[in-house]
Structures are given as structure tokens and as C-alpha cells.
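S.K.: I'm passing along final_13.pdb; it holds PDB, C-alpha atoms.
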```
MODEL        1
ATOM      1  CA  MET A 100       0.000   0.000   0.000
ATOM      2  CA  LYS A 101       1.028   3.590  -0.620
ATOM      3  CA  ALA A 102       0.891   6.111   2.183
ATOM      4  CA  TYR A 103       2.374   9.271   3.640
ATOM      5  CA  GLU A 104       4.039   9.192   7.044
ATOM      6  CA  ILE A 105       5.240  11.776   9.513
ATOM      7  CA  ARG A 106       8.627  10.370  10.444
ATOM      8  CA  ASP A 107      11.888  11.495  12.037
ATOM      9  CA  GLY A 108      10.204  14.449  13.734
ATOM     10  CA  PHE A 109       7.396  16.861  12.975
ATOM     11  CA  GLY A 110       6.933  19.384  10.176
ATOM     12  CA  LEU A 111       5.608  19.411   6.625
ATOM     13  CA  GLU A 112       9.135  18.650   5.432
ATOM     14  CA  LYS A 113       8.931  15.410   7.466
ATOM     15  CA  LEU A 114       5.755  14.261   5.679
ATOM     16  CA  VAL A 115       7.091  11.694   3.213
ATOM     17  CA  SER A 116       5.605   9.086   0.884
ATOM     18  CA  CYS A 117       6.244   5.438   1.683
ATOM     19  CA  GLU A 118       5.278   1.867   0.907
ATOM     20  CA  ARG A 119       3.795  -0.428   3.554
ATOM     21  CA  PRO A 120       2.618  -4.050   3.387
ATOM     22  CA  ASP A 121      -1.071  -4.414   2.575
ATOM     23  CA  PRO A 122      -2.929  -4.906   5.885
ATOM     24  CA  THR A 123      -5.277  -7.826   6.491
ATOM     25  CA  PRO A 124      -8.534  -7.147   8.353
ATOM     26  CA  GLY A 125      -8.984  -9.017  11.613
ATOM     27  CA  PRO A 126     -12.231 -10.031  13.335
ATOM     28  CA  PHE A 127     -14.935  -7.369  12.952
ATOM     29  CA  GLN A 128     -12.650  -5.223  10.790
ATOM     30  CA  VAL A 129     -12.930  -4.080   7.171
ATOM     31  CA  ARG A 130     -10.272  -3.064   4.683
ATOM     32  CA  VAL A 131     -11.059   0.094   2.742
ATOM     33  CA  ARG A 132      -9.390   1.180  -0.477
ATOM     34  CA  VAL A 133      -9.299   4.927   0.074
ATOM     35  CA  LYS A 134     -10.554   7.063  -2.800
ATOM     36  CA  ALA A 135     -10.310  10.503  -1.190
ATOM     37  CA  THR A 136      -9.215  12.215   2.006
ATOM     38  CA  SER A 137      -9.831  15.792   3.134
ATOM     39  CA  LEU A 138      -7.722  18.078   5.300
ATOM     40  CA  ASN A 139      -8.632  19.570   8.640
ATOM     41  CA  TYR A 140      -6.644  22.100  10.617
ATOM     42  CA  ARG A 141      -6.184  19.312  13.168
ATOM     43  CA  ASP A 142      -4.274  17.342  10.535
ATOM     44  CA  LEU A 143      -1.942  20.259   9.881
ATOM     45  CA  MET A 144      -1.355  20.707  13.615
ATOM     46  CA  MET A 145      -0.652  16.989  13.934
ATOM     47  CA  VAL A 146       1.922  17.062  11.127
ATOM     48  CA  GLU A 147       3.596  20.125  12.624
ATOM     49  CA  GLY A 148       3.680  18.653  16.128
ATOM     50  CA  ARG A 149       1.387  21.280  17.639
ATOM     51  CA  TYR A 150      -1.572  18.989  18.298
ATOM     52  CA  ASN A 151       0.207  16.280  20.260
ATOM     53  CA  PRO A 152       3.985  16.682  20.527
ATOM     54  CA  ARG A 153       4.124  13.258  22.204
ATOM     55  CA  GLN A 154       2.409  11.465  19.326
ATOM     56  CA  LYS A 155       4.291   8.293  18.493
ATOM     57  CA  LEU A 156       5.874   8.248  15.049
ATOM     58  CA  PRO A 157       5.735   7.204  12.300
ATOM     59  CA  LEU A 158       2.096   8.217  11.815
ATOM     60  CA  VAL A 159      -0.132   8.269   8.748
ATOM     61  CA  PRO A 160      -2.059  11.562   9.176
ATOM     62  CA  ASN A 161      -5.571  12.690   8.207
ATOM     63  CA  SER A 162      -8.797  12.031  10.053
ATOM     64  CA  ASP A 163     -11.187  12.025   7.067
ATOM     65  CA  GLY A 164     -11.395   9.365   4.391
ATOM     66  CA  ALA A 165     -13.882   7.704   2.036
ATOM     67  CA  GLY A 166     -13.502   4.683  -0.205
ATOM     68  CA  VAL A 167     -14.639   1.177  -1.057
ATOM     69  CA  VAL A 168     -14.579  -1.966   1.081
ATOM     70  CA  ASP A 169     -12.411  -4.591  -0.605
ATOM     71  CA  ALA A 170     -12.029  -7.176   2.196
ATOM     72  CA  VAL A 171     -13.755  -8.041   5.463
ATOM     73  CA  GLY A 172     -12.599  -9.970   8.497
ATOM     74  CA  PRO A 173     -14.390 -12.752  10.386
ATOM     75  CA  GLY A 174     -17.714 -11.793  11.940
ATOM     76  CA  VAL A 175     -18.371  -8.690   9.840
ATOM     77  CA  THR A 176     -22.069  -8.177   9.095
ATOM     78  CA  ARG A 177     -22.555  -4.401   8.793
ATOM     79  CA  VAL A 178     -20.915  -3.994   5.366
ATOM     80  CA  LYS A 179     -19.783  -6.141   2.469
ATOM     81  CA  VAL A 180     -17.108  -6.083  -0.194
ATOM     82  CA  GLY A 181     -17.902  -3.424  -2.798
ATOM     83  CA  ASP A 182     -19.721  -1.055  -0.425
ATOM     84  CA  ARG A 183     -18.784   2.626  -0.567
ATOM     85  CA  VAL A 184     -18.099   3.841   2.957
ATOM     86  CA  ILE A 185     -16.917   6.821   5.012
ATOM     87  CA  GLY A 186     -14.620   6.306   7.986
ATOM     88  CA  LEU A 187     -15.630   7.728  11.363
ATOM     89  CA  PHE A 188     -13.194  10.047  13.105
ATOM     90  CA  ALA A 189     -13.666   8.305  16.480
ATOM     91  CA  GLN A 190     -13.782   4.609  15.666
ATOM     92  CA  ALA A 191     -15.099   3.568  19.078
ATOM     93  CA  TRP A 192     -17.759   6.226  19.738
ATOM     94  CA  ALA A 193     -21.213   5.015  18.769
ATOM     95  CA  ALA A 194     -23.380   7.372  20.853
ATOM     96  CA  GLY A 195     -23.630   9.198  24.161
ATOM     97  CA  GLU A 196     -20.839  10.948  26.030
ATOM     98  CA  PRO A 197     -17.223  10.537  24.899
ATOM     99  CA  THR A 198     -15.084   8.008  26.752
ATOM    100  CA  ARG A 199     -11.339   7.539  27.093
ATOM    101  CA  LEU A 200     -11.630   4.670  24.628
ATOM    102  CA  ALA A 201     -13.379   6.926  22.119
ATOM    103  CA  GLN A 202     -10.713   9.614  22.536
ATOM    104  CA  GLN A 203      -7.998   7.035  21.910
ATOM    105  CA  SER A 204      -9.686   5.658  18.780
ATOM    106  CA  THR A 205      -9.379   8.712  16.544
ATOM    107  CA  LEU A 206      -7.955   8.490  13.039
ATOM    108  CA  GLY A 207      -4.953  10.587  12.075
ATOM    109  CA  GLY A 208      -3.626  10.390  15.639
ATOM    110  CA  PRO A 209      -3.229   8.418  17.725
ATOM    111  CA  LEU A 210      -4.357   5.850  15.106
ATOM    112  CA  ASP A 211      -3.023   5.857  11.551
ATOM    113  CA  GLY A 212      -5.286   7.880   9.301
ATOM    114  CA  ALA A 213      -6.510   8.277   5.741
ATOM    115  CA  LEU A 214      -3.511   9.712   3.872
ATOM    116  CA  ALA A 215      -2.984   6.269   2.357
ATOM    117  CA  ASP A 216      -4.566   4.161  -0.341
ATOM    118  CA  THR A 217      -5.636   1.513   2.203
ATOM    119  CA  MET A 218      -7.035   1.532   5.741
ATOM    120  CA  VAL A 219      -8.254  -1.147   8.123
ATOM    121  CA  LEU A 220     -11.166   0.098  10.221
ATOM    122  CA  ARG A 221     -13.713  -1.295  12.647
ATOM    123  CA  GLU A 222     -16.889  -2.460  10.933
ATOM    124  CA  ASP A 223     -18.845  -0.105  13.195
ATOM    125  CA  GLY A 224     -16.299   2.606  12.401
ATOM    126  CA  VAL A 225     -17.619   3.090   8.863
ATOM    127  CA  VAL A 226     -20.953   4.309   7.511
ATOM    128  CA  PRO A 227     -22.407   3.927   4.006
ATOM    129  CA  THR A 228     -21.622   6.749   1.595
ATOM    130  CA  PRO A 229     -24.805   8.451   0.351
ATOM    131  CA  ASP A 230     -25.420   7.637  -3.313
ATOM    132  CA  ASP A 231     -25.671  11.296  -4.283
ATOM    133  CA  LEU A 232     -22.167  12.193  -3.073
ATOM    134  CA  THR A 233     -18.846  11.687  -4.816
ATOM    135  CA  ASP A 234     -15.987  10.161  -2.841
ATOM    136  CA  GLU A 235     -14.320  13.580  -2.744
ATOM    137  CA  GLU A 236     -17.461  15.133  -1.249
ATOM    138  CA  ALA A 237     -17.988  12.259   1.197
ATOM    139  CA  ALA A 238     -14.420  12.581   2.459
ATOM    140  CA  THR A 239     -15.121  16.122   3.695
ATOM    141  CA  LEU A 240     -17.803  15.077   6.185
ATOM    142  CA  PRO A 241     -16.417  13.044   9.133
ATOM    143  CA  CYS A 242     -14.760  15.895  11.060
ATOM    144  CA  ALA A 243     -15.785  19.331   9.793
ATOM    145  CA  ALA A 244     -19.431  18.625   8.986
ATOM    146  CA  LEU A 245     -20.009  16.530  12.104
ATOM    147  CA  THR A 246     -18.323  19.145  14.299
ATOM    148  CA  ALA A 247     -20.660  21.813  12.942
ATOM    149  CA  TRP A 248     -23.671  19.514  13.388
ATOM    150  CA  SER A 249     -22.684  18.642  16.963
ATOM    151  CA  ALA A 250     -22.217  22.309  17.826
ATOM    152  CA  LEU A 251     -25.485  23.558  16.363
ATOM    153  CA  VAL A 252     -27.847  20.590  16.541
ATOM    154  CA  THR A 253     -26.711  17.824  18.914
ATOM    155  CA  HIS A 254     -25.569  20.188  21.673
ATOM    156  CA  GLY A 255     -26.768  23.599  20.483
ATOM    157  CA  ALA A 256     -30.468  22.793  20.039
ATOM    158  CA  LEU A 257     -30.584  25.295  17.162
ATOM    159  CA  LYS A 258     -34.068  26.350  16.159
ATOM    160  CA  ALA A 259     -35.636  28.363  13.346
ATOM    161  CA  GLY A 260     -35.169  32.092  13.816
ATOM    162  CA  ASP A 261     -31.995  31.824  15.902
ATOM    163  CA  VAL A 262     -29.049  34.028  14.922
ATOM    164  CA  VAL A 263     -25.723  32.237  14.407
ATOM    165  CA  LEU A 264     -22.326  33.947  14.158
ATOM    166  CA  LEU A 265     -19.667  32.042  12.201
ATOM    167  CA  GLN A 266     -15.954  32.816  12.039
ATOM    168  CA  GLY A 267     -14.185  32.533   8.703
ATOM    169  CA  THR A 268     -14.976  30.428   5.649
ATOM    170  CA  GLY A 269     -13.072  27.208   6.299
ATOM    171  CA  GLY A 270     -14.588  23.752   6.409
ATOM    172  CA  VAL A 271     -16.404  23.858   9.761
ATOM    173  CA  SER A 272     -17.779  27.364   9.234
ATOM    174  CA  ILE A 273     -19.127  26.645   5.748
ATOM    175  CA  PHE A 274     -20.764  23.434   6.942
ATOM    176  CA  ALA A 275     -22.207  25.377   9.895
ATOM    177  CA  LEU A 276     -23.607  27.905   7.404
ATOM    178  CA  GLN A 277     -25.291  25.135   5.425
ATOM    179  CA  ILE A 278     -26.667  23.490   8.572
ATOM    180  CA  ALA A 279     -27.911  26.758  10.049
ATOM    181  CA  ARG A 280     -29.746  27.582   6.824
ATOM    182  CA  LEU A 281     -31.188  24.068   6.717
ATOM    183  CA  MET A 282     -32.544  24.642  10.239
ATOM    184  CA  GLY A 283     -34.042  28.040   9.389
ATOM    185  CA  ALA A 284     -31.552  30.164  11.310
ATOM    186  CA  ARG A 285     -30.163  33.572  10.388
ATOM    187  CA  VAL A 286     -26.417  33.572   9.661
ATOM    188  CA  ILE A 287     -23.788  36.261  10.203
ATOM    189  CA  ILE A 288     -20.342  35.268   8.947
ATOM    190  CA  THR A 289     -16.910  36.870   9.152
ATOM    191  CA  SER A 290     -13.945  36.766   6.781
ATOM    192  CA  SER A 291     -10.814  38.713   5.946
ATOM    193  CA  ARG A 292     -11.873  38.945   2.287
ATOM    194  CA  ASP A 293     -14.933  40.520   0.725
ATOM    195  CA  ASP A 294     -14.968  38.008  -2.151
ATOM    196  CA  LYS A 295     -15.313  35.171   0.351
ATOM    197  CA  LEU A 296     -18.142  37.014   2.082
ATOM    198  CA  GLU A 297     -19.919  37.266  -1.264
ATOM    199  CA  ARG A 298     -19.523  33.541  -1.831
ATOM    200  CA  ALA A 299     -20.914  32.909   1.657
ATOM    201  CA  ARG A 300     -23.920  35.098   0.861
ATOM    202  CA  GLY A 301     -24.422  32.982  -2.246
ATOM    203  CA  LEU A 302     -24.743  29.969   0.064
ATOM    204  CA  GLY A 303     -27.371  31.729   2.161
ATOM    205  CA  ALA A 304     -25.510  33.862   4.705
ATOM    206  CA  HIS A 305     -27.631  36.873   5.600
ATOM    207  CA  GLU A 306     -24.833  39.273   6.617
ATOM    208  CA  GLY A 307     -21.058  39.340   6.321
ATOM    209  CA  ILE A 308     -18.431  41.209   8.336
ATOM    210  CA  ASN A 309     -14.879  41.775   7.118
ATOM    211  CA  TYR A 310     -12.859  41.467  10.315
ATOM    212  CA  VAL A 311      -9.863  43.245   8.768
ATOM    213  CA  THR A 312     -11.742  46.417   7.886
ATOM    214  CA  THR A 313     -14.037  45.958  10.904
ATOM    215  CA  PRO A 314     -11.779  44.683  13.712
ATOM    216  CA  ASP A 315     -14.573  45.161  16.261
ATOM    217  CA  TRP A 316     -16.617  42.457  14.558
ATOM    218  CA  ASP A 317     -18.222  41.542  17.865
ATOM    219  CA  LYS A 318     -19.786  45.016  18.100
ATOM    220  CA  ALA A 319     -20.819  44.830  14.439
ATOM    221  CA  ALA A 320     -22.543  41.487  15.032
ATOM    222  CA  ARG A 321     -24.412  42.871  18.028
ATOM    223  CA  ALA A 322     -25.461  45.895  15.990
ATOM    224  CA  LEU A 323     -26.948  43.572  13.367
ATOM    225  CA  THR A 324     -29.157  42.095  16.089
ATOM    226  CA  GLY A 325     -30.358  45.423  17.448
ATOM    227  CA  ASN A 326     -27.630  45.154  20.117
ATOM    228  CA  ALA A 327     -29.344  42.085  21.580
ATOM    229  CA  GLY A 328     -26.482  39.732  20.697
ATOM    230  CA  VAL A 329     -26.459  36.530  18.663
ATOM    231  CA  ASP A 330     -27.865  33.276  19.951
ATOM    232  CA  HIS A 331     -24.918  31.080  19.056
ATOM    233  CA  VAL A 332     -21.259  31.576  18.118
ATOM    234  CA  VAL A 333     -19.279  28.803  16.440
ATOM    235  CA  GLU A 334     -15.853  29.689  17.835
ATOM    236  CA  VAL A 335     -13.027  28.431  15.610
ATOM    237  CA  GLY A 336     -10.424  31.074  16.430
ATOM    238  CA  GLY A 337      -9.435  30.039  19.923
ATOM    239  CA  ALA A 338      -7.648  32.280  22.394
ATOM    240  CA  GLY A 339      -7.396  35.223  20.017
ATOM    241  CA  THR A 340     -11.127  35.487  19.336
ATOM    242  CA  PHE A 341     -12.796  33.913  22.362
ATOM    243  CA  GLU A 342     -13.337  37.117  24.336
ATOM    244  CA  LYS A 343     -14.969  38.845  21.371
ATOM    245  CA  SER A 344     -17.233  35.832  20.899
ATOM    246  CA  LEU A 345     -18.381  36.251  24.501
ATOM    247  CA  ARG A 346     -19.152  39.891  23.796
ATOM    248  CA  ALA A 347     -21.065  39.080  20.612
ATOM    249  CA  VAL A 348     -23.436  36.530  22.135
ATOM    250  CA  ARG A 349     -26.672  37.427  23.925
ATOM    251  CA  PRO A 350     -27.239  36.777  27.636
ATOM    252  CA  GLY A 351     -28.055  33.086  27.966
ATOM    253  CA  GLY A 352     -26.529  32.318  24.578
ATOM    254  CA  THR A 353     -24.052  29.626  23.552
ATOM    255  CA  VAL A 354     -20.442  29.689  22.408
ATOM    256  CA  SER A 355     -19.309  26.398  20.866
ATOM    257  CA  VAL A 356     -15.528  26.102  21.106
ATOM    258  CA  ILE A 357     -14.249  23.944  18.271
ATOM    259  CA  GLY A 358     -10.951  25.443  17.068
ATOM    260  CA  VAL A 359      -7.675  27.056  18.048
ATOM    261  CA  LEU A 360      -6.640  28.885  14.888
ATOM    262  CA  SER A 361      -5.403  31.927  16.805
ATOM    263  CA  GLY A 362      -3.968  30.159  19.836
ATOM    264  CA  VAL A 363      -4.648  27.578  22.524
ATOM    265  CA  ALA A 364      -4.032  29.557  25.710
ATOM    266  CA  GLY A 365      -5.364  32.855  26.986
ATOM    267  CA  ALA A 366      -7.158  34.571  29.837
ATOM    268  CA  VAL A 367     -10.726  33.397  30.409
ATOM    269  CA  PRO A 368     -13.136  36.247  31.268
ATOM    270  CA  LEU A 369     -15.152  34.311  33.820
ATOM    271  CA  THR A 370     -17.179  37.329  34.923
ATOM    272  CA  SER A 371     -18.700  37.705  31.456
ATOM    273  CA  ILE A 372     -19.614  34.019  31.366
ATOM    274  CA  LEU A 373     -21.148  34.090  34.833
ATOM    275  CA  MET A 374     -22.979  37.415  34.686
ATOM    276  CA  GLN A 375     -24.466  36.713  31.265
ATOM    277  CA  ASN A 376     -25.395  33.107  32.085
ATOM    278  CA  LEU A 377     -23.515  31.930  28.992
ATOM    279  CA  ARG A 378     -23.049  28.359  27.917
ATOM    280  CA  VAL A 379     -19.522  27.565  26.702
ATOM    281  CA  GLN A 380     -19.500  24.133  25.074
ATOM    282  CA  GLY A 381     -16.395  22.284  23.924
ATOM    283  CA  ILE A 382     -17.022  20.185  20.804
ATOM    284  CA  LEU A 383     -15.055  16.976  20.159
ATOM    285  CA  VAL A 384     -16.342  16.293  16.620
ATOM    286  CA  GLY A 385     -19.142  13.804  17.411
ATOM    287  CA  HIS A 386     -20.335  10.205  17.495
ATOM    288  CA  ARG A 387     -21.697   7.777  14.940
ATOM    289  CA  GLN A 388     -25.346   8.402  15.805
ATOM    290  CA  SER A 389     -24.981  12.140  15.143
ATOM    291  CA  PHE A 390     -23.089  11.466  11.917
ATOM    292  CA  GLU A 391     -25.904   9.258  10.646
ATOM    293  CA  ALA A 392     -28.433  11.987  11.509
ATOM    294  CA  LEU A 393     -26.295  14.525   9.639
ATOM    295  CA  LEU A 394     -26.142  12.300   6.547
ATOM    296  CA  ARG A 395     -29.922  11.846   6.571
ATOM    297  CA  ALA A 396     -30.491  15.596   6.834
ATOM    298  CA  PHE A 397     -28.031  16.379   4.045
ATOM    299  CA  SER A 398     -29.595  13.773   1.754
ATOM    300  CA  GLN A 399     -33.152  14.929   2.449
ATOM    301  CA  HIS A 400     -32.279  18.569   1.784
ATOM    302  CA  ALA A 401     -29.806  17.926  -1.071
ATOM    303  CA  VAL A 402     -26.946  19.654   0.764
ATOM    304  CA  ARG A 403     -23.636  19.174  -1.001
ATOM    305  CA  PRO A 404     -20.241  19.848   0.591
ATOM    306  CA  VAL A 405     -18.289  22.843  -0.687
ATOM    307  CA  VAL A 406     -14.968  21.578  -2.060
ATOM    308  CA  ASP A 407     -12.382  24.302  -2.561
ATOM    309  CA  ARG A 408      -9.788  22.301  -4.479
ATOM    310  CA  VAL A 409      -8.848  18.679  -5.163
ATOM    311  CA  PHE A 410      -5.150  17.760  -5.187
ATOM    312  CA  PRO A 411      -3.676  14.529  -6.608
ATOM    313  CA  PHE A 412      -2.137  12.089  -4.130
ATOM    314  CA  ASP A 413       1.422  12.906  -5.156
ATOM    315  CA  GLU A 414       0.799  16.581  -4.276
ATOM    316  CA  ALA A 415      -0.356  15.922  -0.706
ATOM    317  CA  VAL A 416       2.253  18.232   0.824
ATOM    318  CA  ALA A 417       1.126  21.047  -1.500
ATOM    319  CA  ALA A 418      -2.434  20.469  -0.268
ATOM    320  CA  PHE A 419      -1.287  21.050   3.313
ATOM    321  CA  HIS A 420       0.481  24.251   2.288
ATOM    322  CA  HIS A 421      -2.728  25.423   0.577
ATOM    323  CA  LEU A 422      -4.689  24.770   3.775
ATOM    324  CA  LYS A 423      -2.069  26.563   5.850
ATOM    325  CA  SER A 424      -2.223  29.624   3.578
ATOM    326  CA  GLY A 425      -5.864  30.221   4.497
ATOM    327  CA  ALA A 426      -6.749  30.853   0.856
ATOM    328  CA  HIS A 427      -9.323  28.065   0.765
ATOM    329  CA  PHE A 428     -13.112  28.395   0.922
ATOM    330  CA  GLY A 429     -14.678  25.198   2.235
ATOM    331  CA  LYS A 430     -12.726  21.945   2.153
ATOM    332  CA  VAL A 431      -9.355  20.949   0.682
ATOM    333  CA  VAL A 432      -9.394  17.383  -0.686
ATOM    334  CA  ILE A 433      -6.763  14.910  -1.856
ATOM    335  CA  ARG A 434      -7.816  12.325  -4.442
ATOM    336  CA  VAL A 435      -6.180   9.035  -3.467
ATOM    337  CA  GLY A 436      -7.543   6.177  -5.551
TER     338      GLY A 436
ENDMDL
END
```
Will you turn the file into C-alpha cells for me?
M.R.:
Amino acid sequence: MKAYEIRDGFGLEKLVSCERPDPTPGPFQVRVRVKATSLNYRDLMMVEGRYNPRQKLPLVPNSDGAGVVDAVGPGVTRVKVGDRVIGLFAQAWAAGEPTRLAQQSTLGGPLDGALADTMVLREDGVVPTPDDLTDEEAATLPCAALTAWSALVTHGALKAGDVVLLQGTGGVSIFALQIARLMGARVIITSSRDDKLERARGLGAHEGINYVTTPDWDKAARALTGNAGVDHVVEVGGAGTFEKSLRAVRPGGTVSVIGVLSGVAGAVPLTSILMQNLRVQGILVGHRQSFEALLRAFSQHAVRPVVDRVFPFDEAVAAFHHLKSGAHFGKVVIRVG
């Protein structure tokens, strides 16, 4: 099998192509010939050693992958050879609250991930690919789409008429835009570029704020709600944007913390959280049950993932550089098979 490994230390320059023996599925496992994998900021952080500096190497990165089952181990009943499937980020998280086992079963670290032409996964760690999606589209869903769904629906209890504030136009934020519109919510989105804001409006965003020309985007968002504040913020920035998110949300509102693009550590304004009765919810992607609900909703409403660019397998490192540049809108995909 062909794969990419992080070896001999972290960094994009340490991400190298390699050959490994073809794996054989064991009991209750399936072997998947990967057709496509998408990139998340988590994957970039993993490659660069910022996500888990103690991650054992070598590691095949990437949490998201879709492909075709080409072999099954003893006892497998959920899928069969020839089925198109999507791998779950957390292989051992079927439903309910996360467990230590679920946290330790995530693809792309600590387990080998999808930047390879072959994976062996648990039979309950894959779900059928919807017929209306390409493999490239399906490969965008396991982390970014499910994270947005968990934030807004599973934990956020989003309802029609709510106002959602989204940061940037990367994978999670664009999926959150699509989900919020599907649920009948009003969407305010930020970006550093007006052309991206226009594209977001084309997908249904109601208002856009350029956070470069309007650095006080929290005040601008409040102004768009008659100074009441938004109902829900999908917080992807991290330490550098968290305090403004708290100022943008209404009393009793929710801030879903799902990213650390601007840093992982910073002062926490506890008084604002307490005095405004805010709910701050950490989001660890999500479980199989939520993913299946997401797939049903997307199929019923004909929602298609927004793919920014598809790179060939031999240009995987260039795909990471494209993600790191921040030039993308939606998801960056690598075609494998």
C-alpha cells in the first residue's frame, strides 16, 4: 500500500511518501481502499507537532477518508465487499458521552489515518456513503461537517429564527452555514476577504463582516441584532477570538468552542460568562449516531459539501500548504484512488 508518514520528527518537510505491506482485516474489521481524504486544521497541527507533541511516530495523518470496502474480516455483518463507505473520526464512539476509549480511537492520531490508499477500520467505524455524493465530497464530512452539526444541533439545540455567528470560511464554518440555513436560522459570517463574504452570501448567509476592515466584529454582530447579541457563536479562532465571541453573544446564549486557529491559551473572562449566564460548550467532533443523523439531513435537503480544491495524491504536501495559507473556501481534498 502507498501512504504518507510523519517520520523522524514533525513538520511538513517530514511528511514523506512510503510503501507499507497491505494490511489484512482481523475479526470485525474491514479493509477500505481509500478514494479521497480531506484536510482539517487538526491534521496540519498533527503534522507540525502542535496537536500532540508526544504522538508516536511514524504516523499516517488525516482524520477524514472515504472509499470502497475490498475485504472483510471474520464476523463482519454491517458492510460487504464493494460497499462505498466513510470512515468515522472516532472509531469507538457510537453514541452518548465521549469516553477515554473513544478519545484514543481517533484516526490521524493516535491511530493511523486516511492519507494512504488503504485503511483497516472497525466495521462499526464506517458508515455507508450516500449515493448522491462523490468520494471527494464524502471525504469532507467526518470531522468538519459533524463538528458543525454537533455544535449547532446535537448540543446547540438550534431552532428556526436563531441568529448564528460564524468565524471565517473554512470547512467547519461553511458546513455550519449550510446546517444553520437548513434549520431556518439567520447567519452572520466573518472573513478577511470581501470576495469570500460574497460567496458565503451565495450559500445563504444573511450578513457578512470583514474582520480586517471591521476589527470590532463583535460590536458589528451585536449591531446587526439590534444590540441584543447573537444566539450562538461557532468559535473556531481560539484564544485570540474567544473574548470577542463572549461579547457578541446574547445573555443566555451559547459559544461552541471547536478550534484554536489563533492560539490555545489565553485569559478566560469568567465574569462575562457568569454574569451573562452563557453556555460555553467544547465540541469533540461527534459520534456515529450524530453522523448518521447529519447524513440523513443532508440527503433529504440535497446539501452538497463545498470543495475548494482537489489535489492529486502525489501533491499531498502542497495540499497542506494550501490549507495553511488560508486561501481556501470550504474543504481541501486529496484524491487518493
S.K.: Hey, which bits of segment 323-343 of chain A sit within 12 Å of segment 290-310 of chain A, and for each residue what's the closest pair of atoms and how far apart in Å (one decimal), counting all atoms listed in the file, rows by chain and increasing number, as a tab-separated table?
M.R.:
```
residue	atom	partner	partner_atom	distance
A:Leu323	CA	A:Glu306	CA	8.3
A:Thr324	CA	A:Glu306	CA	10.8
A:Gly336	CA	A:Ser290	CA	11.7
A:Thr340	CA	A:Tyr310	CA	11.0
A:Lys343	CA	A:Tyr310	CA	11.6
```
S.K.: For the residues in the current selection, export C-alpha atoms as a short mmCIF file (atom, residue, chain, number, x, y, z; two decimals), in the frame of the given file.
M.R.:
```cif
data_model
loop_
_atom_site.label_atom_id
_atom_site.label_comp_id
_atom_site.auth_asym_id
_atom_site.auth_seq_id
_atom_site.Cartn_x
_atom_site.Cartn_y
_atom_site.Cartn_z
CA LEU A 323 -26.95 43.57 13.37
CA THR A 324 -29.16 42.10 16.09
CA GLY A 336 -10.42 31.07 16.43
CA THR A 340 -11.13 35.49 19.34
CA LYS A 343 -14.97 38.84 21.37
#
```
S.K.: Show me, as a count of residues only, the residues that have an atom within 6 Å of Val263 of chain A when counting all atoms listed in the file, minus same-chain residues fewer than 3 positions from it.
M.R.: 3
S.K.: What's the 10 Å shell around Gly148 of chain A, counting only C-alpha atoms, without same-chain residues fewer than 5 positions away, as a VMD selection string?
M.R.: chain A and resid 105 108 to 111 142 to 143 153 to 154
S.K.: Name all residues at most 7 Å from segment 213-222 of chain A (count all atoms listed in the file; drop same-chain ones fewer than 4 positions away) and give them as number ranges by chain.
M.R.: A: 100-103, 122, 124, 127-133, 136, 159-164, 175, 177, 190, 207, 435-436
S.K.: Report the distance between atom CA of Ser344 of chain A and atom CA of Leu394 of chain A in Å, rounded to one decimal place.
M.R.: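 Taking atom CA of Ser344 of chain A as the start and atom CA of Leu394 of chain A as the end point, the length is 29.0 Å.
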S.K.: Could you expand the PyMOL selection byres ((chain A and resi 374-380) around 10) into the explicit residues it covers here, written as a list in words?
M.R.: Ala250, His254, Gly255, His331, Val332, Val333, Glu334, Leu345, Arg346, Val348, Arg349, Pro350, Gly351, Gly352, Thr353, Val354, Ser355, Val356, Ile357, Leu369, Thr370, Ser371, Ile372, Leu373, Gly381, Ile382 and Leu383 of chain A
S.K.: I need the output of the PyMOL selection byres ((chain A and resi 200-204) around 9) for this file as JSON, numbers by chain; which residues are they?
M.R.: {"A": [188, 189, 190, 191, 192, 193, 197, 198, 199, 205, 206, 208, 209, 210, 383, 386]}
S.K.: Could you tell me, as a PyMOL selection string, which residues have any atom at most 12 Å from (-11.1, 38.7, 18.8), counting all atoms listed in the file?
M.R.: chain A and resi 266+289+310-311+313-318+334-347+360-362+365
S.K.: For C-alpha atoms, please extract segment 152-170 of chain A from the block and return it as a compact mmCIF listing (two decimals), in the first residue's frame.
M.R.:
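Output file result.txt follows:
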```txt
# COMPACT_ATOMS: atom_id res chain seq x y z
CA PRO A 152 3.98 16.68 20.53
CA ARG A 153 4.12 13.26 22.20
CA GLN A 154 2.41 11.47 19.33
CA LYS A 155 4.29 8.29 18.49
CA LEU A 156 5.87 8.25 15.05
CA PRO A 157 5.73 7.20 12.30
CA LEU A 158 2.10 8.22 11.81
CA VAL A 159 -0.13 8.27 8.75
CA PRO A 160 -2.06 11.56 9.18
CA ASN A 161 -5.57 12.69 8.21
CA SER A 162 -8.80 12.03 10.05
CA ASP A 163 -11.19 12.03 7.07
CA GLY A 164 -11.40 9.37 4.39
CA ALA A 165 -13.88 7.70 2.04
CA GLY A 166 -13.50 4.68 -0.20
CA VAL A 167 -14.64 1.18 -1.06
CA VAL A 168 -14.58 -1.97 1.08
CA ASP A 169 -12.41 -4.59 -0.61
CA ALA A 170 -12.03 -7.18 2.20
```
